[in-house]
Amino acid sequence: MEGSFAVNDKQGDQPQGAHEPGRRLTPEEAKSRRSRNVAIAIGICFLIVLFYVVTIAKLGVGVVVRPGI
Amino acid sequence: MSFVTGQNDFTDQARLSLAEPRDFFALLKPRVMSLVVLTALAGMMVSPAPAHPVLAFASLLAIAVGAGASGALNMWYDADIDALMTRTKTRPVPSGRVAAGEALSFGLVLSVLSVLTLGVVSNWLAASLLAFTIFFYAVVYTMWLKRWTPQNIVIGGAAGAFPPVVGYAAVTGSVSIESLVLFAIIFIWTPPHFWALALVKSDEYARAGVPMMPNAKGERRTRIEILVYSILLAPVGVLPWAMGFASIVYGVIAMAGGAGMIWYAWRVLRDTDDASARKASMSLFGFSILYLFALFLTIVAENGPAQMLVRAFGAVFG
């Protein structure tokens with residue numbers, strides 16, 4: 001069902017190849033949605049790295065000094 | 001964004017957004033963001049406390065995103081008048097590439113994210129100042145002043161002037177006279193900068209119903225006020241050197257730049273016939289951008305790379 005967007009509850013009951021409710025995305029819609037998803041993924045990954053690095057920076061060098069080791 | 005609801009008939013309402021990431025990036029007003037980054041960085045650089053590079057970078061990023069978020073909120077609210085002006089009608093919302101609701105959500109999410117990030121990364125004074133800056137630009141300027149008074153960009157200019165104060169607060173946790181001087185430079189620079197453009201685009205602002213100074217109070221008064229603000233700006237621009245937190249190199253650049261601002265403003269007042277008036281206004285507009293970038297770039301350069309070189313030299317030969 002790749003490329004389609006909305007389905008109704010009965011979709012799973014229909015034989016493969018039968019008329020599918022909803023509609024297929026146009027190539028432009030699919031392309032722009034994919035590019036938005038990639039941008040969001042990159043943004044989230046960047047935030048994860050940023051908060052990790054900031055946490056380490058705020059902890060300072062003391063983070064590697066562990067008593068008794 | 002609209003969602004398909006199981007219907008088979010294709011309707012406009014059922015269309016998915018065709019907005020690309022670059023359209024959302026355009027909502028952030030990247031050129032304004034670059035100026036915000038530079039001025040906030042200058043605010044950080046004049047602080048007496050050394051900034052941790054990682055925390056400074058993260059703070060700067062949060063300030064830039066906060067500024068961008070306020071730009072997105074501005075484009076959401078102003079889509080109706082943006083559609084009427086040639087300079088702004090190709091923006092993502094009036095051109096239809098991004099839905100108004102998408103721009104609003106984007107602006108709100110980034111506003112919250114940037115303020116919280118700055119609070120966690122630096123301190124809550126800086127975060128509060130950033131929140132106030134976003135509020136001032138999106139609500140006080142965009143929703144209230146812009147369509148109400150020809151003093152819109154005079155008062156609203158405070159929003160653009162806050163970044164160095166936020167930057168300084170991010171590093172020190174306080175507000176100082178140095179950061180307020182940088183605030184004053186941008187605040188006084190804003191009217192001659194925007195009114196130079198407004199003189200050229202006066203008809204468009206009038207058509208959109210925005211009471212800019214030229215179409216609300218007349219071109220003559222605008223030209224006089226441009227000159228007055230430029231005369232005020234010249235000495236204020238020199239203050240960082242006079243107060244001792246910028247070098248003589250900065251002082252010379254500020255004096256030459258201030259004289260340039262007055263000269264171009266004088267030309268705007270003098271040249272009033274159509275062809276030369278437009279040229280004089282656009283010259284002032286272009287020079288004002290150069291002036292502000294030169295001042296803040298000099299502050300950044302002499303407090304950042306130059307000091308690092310001095311320290312490195314001292315460490316090797318000292």
# chains A, B, ... in the order shown; residues from 1 in each chain; ligands from 1
$ residues_around --residues "A:Ala57" --least-positions-apart "3" --cutoff "12 Å" --atoms "only C-alpha atoms" --output "PyMOL selection string"
(chain A and resi 50-54+60-64) or (chain B and resi 51-58+121-122)
$ write_last_selection --atoms "C-alpha atoms" --output "PDB file, in the first residue's frame"
ATOM      1  CA  LEU A  50      23.453  18.787  20.897  1.00  0.00           C
ATOM      2  CA  PHE A  51      21.865  17.957  24.262  1.00  0.00           C
ATOM      3  CA  TYR A  52      24.362  15.141  24.820  1.00  0.00           C
ATOM      4  CA  VAL A  53      27.347  17.399  24.093  1.00  0.00           C
ATOM      5  CA  VAL A  54      25.880  20.236  26.183  1.00  0.00           C
ATOM      6  CA  GLY A  60      32.864  19.417  32.938  1.00  0.00           C
ATOM      7  CA  VAL A  61      35.989  17.342  33.312  1.00  0.00           C
ATOM      8  CA  GLY A  62      34.718  16.069  36.666  1.00  0.00           C
ATOM      9  CA  VAL A  63      32.533  13.596  34.815  1.00  0.00           C
ATOM     10  CA  VAL A  64      35.519  11.300  34.214  1.00  0.00           C
TER      11      VAL A  64
ATOM     12  CA  ALA B  51      32.237  31.761  27.260  1.00  0.00           C
ATOM     13  CA  HIS B  52      32.437  27.967  27.090  1.00  0.00           C
ATOM     14  CA  PRO B  53      32.619  27.343  23.323  1.00  0.00           C
ATOM     15  CA  VAL B  54      30.080  24.492  23.309  1.00  0.00           C
ATOM     16  CA  LEU B  55      27.595  26.315  25.534  1.00  0.00           C
ATOM     17  CA  ALA B  56      28.112  29.544  23.575  1.00  0.00           C
ATOM     18  CA  PHE B  57      27.436  27.725  20.314  1.00  0.00           C
ATOM     19  CA  ALA B  58      24.291  26.077  21.692  1.00  0.00           C
ATOM     20  CA  VAL B 121      21.932  25.525  28.201  1.00  0.00           C
ATOM     21  CA  SER B 122      22.702  28.952  29.690  1.00  0.00           C
TER      22      SER B 122
END
$ residues_around --residues "stretch 35-46 of chain A" --least-positions-apart "6" --cutoff "12 Å" --atoms "only C-alpha atoms" --output "PyMOL selection string"
(chain A and resi 28-29+52-54) or (chain B and resi 16-25+58+61+106+110+113)
$ write_last_selection --atoms "C-alpha atoms" --output "compact mmCIF listing (two decimals), in the first residue's frame"
# COMPACT_ATOMS: atom_id res chain seq x y z
CA GLU A 28 4.98 15.63 -5.79
CA GLU A 29 3.13 15.03 -2.52
CA TYR A 52 24.36 15.14 24.82
CA VAL A 53 27.35 17.40 24.09
CA VAL A 54 25.88 20.24 26.18
CA LEU B 16 -1.26 16.95 1.26
CA SER B 17 1.10 19.83 1.78
CA LEU B 18 3.66 20.30 -0.96
CA ALA B 19 5.90 22.37 1.31
CA GLU B 20 9.58 21.47 1.14
CA PRO B 21 12.03 21.93 4.03
CA ARG B 22 13.47 24.95 2.24
CA ASP B 23 10.04 26.63 2.46
CA PHE B 24 10.07 26.20 6.24
CA PHE B 25 13.63 27.47 6.31
CA ALA B 58 24.29 26.08 21.69
CA LEU B 61 21.79 28.47 18.03
CA PHE B 106 6.12 25.88 13.19
CA LEU B 110 10.30 26.63 17.60
CA LEU B 113 11.91 24.89 21.92
$ residues_around --residues "B:Ser128" --least-positions-apart "6" --cutoff "9 Å" --atoms "only C-alpha atoms" --output "list of chain:residue names"
B:Val115, B:Gly119, B:Val166
$ residues_around --residues "B:Gly218" --least-positions-apart "2" --cutoff "12 Å" --atoms "only C-alpha atoms" --output "list in words"
Pro150, Trp195, Ala198, Leu199, Ser202, Asp203, Ala206, Pro211, Met212, Met213, Pro214, Asn215, Ala216, Arg220, Arg221, Thr222, Arg223, Ile224 and Glu225 of chain B
$ closest_residue --among "B:Phe245, B:Tyr205, B:Trp124, B:Trp263" --to "B:Ser59" --atoms "only C-alpha atoms"
B:Trp124
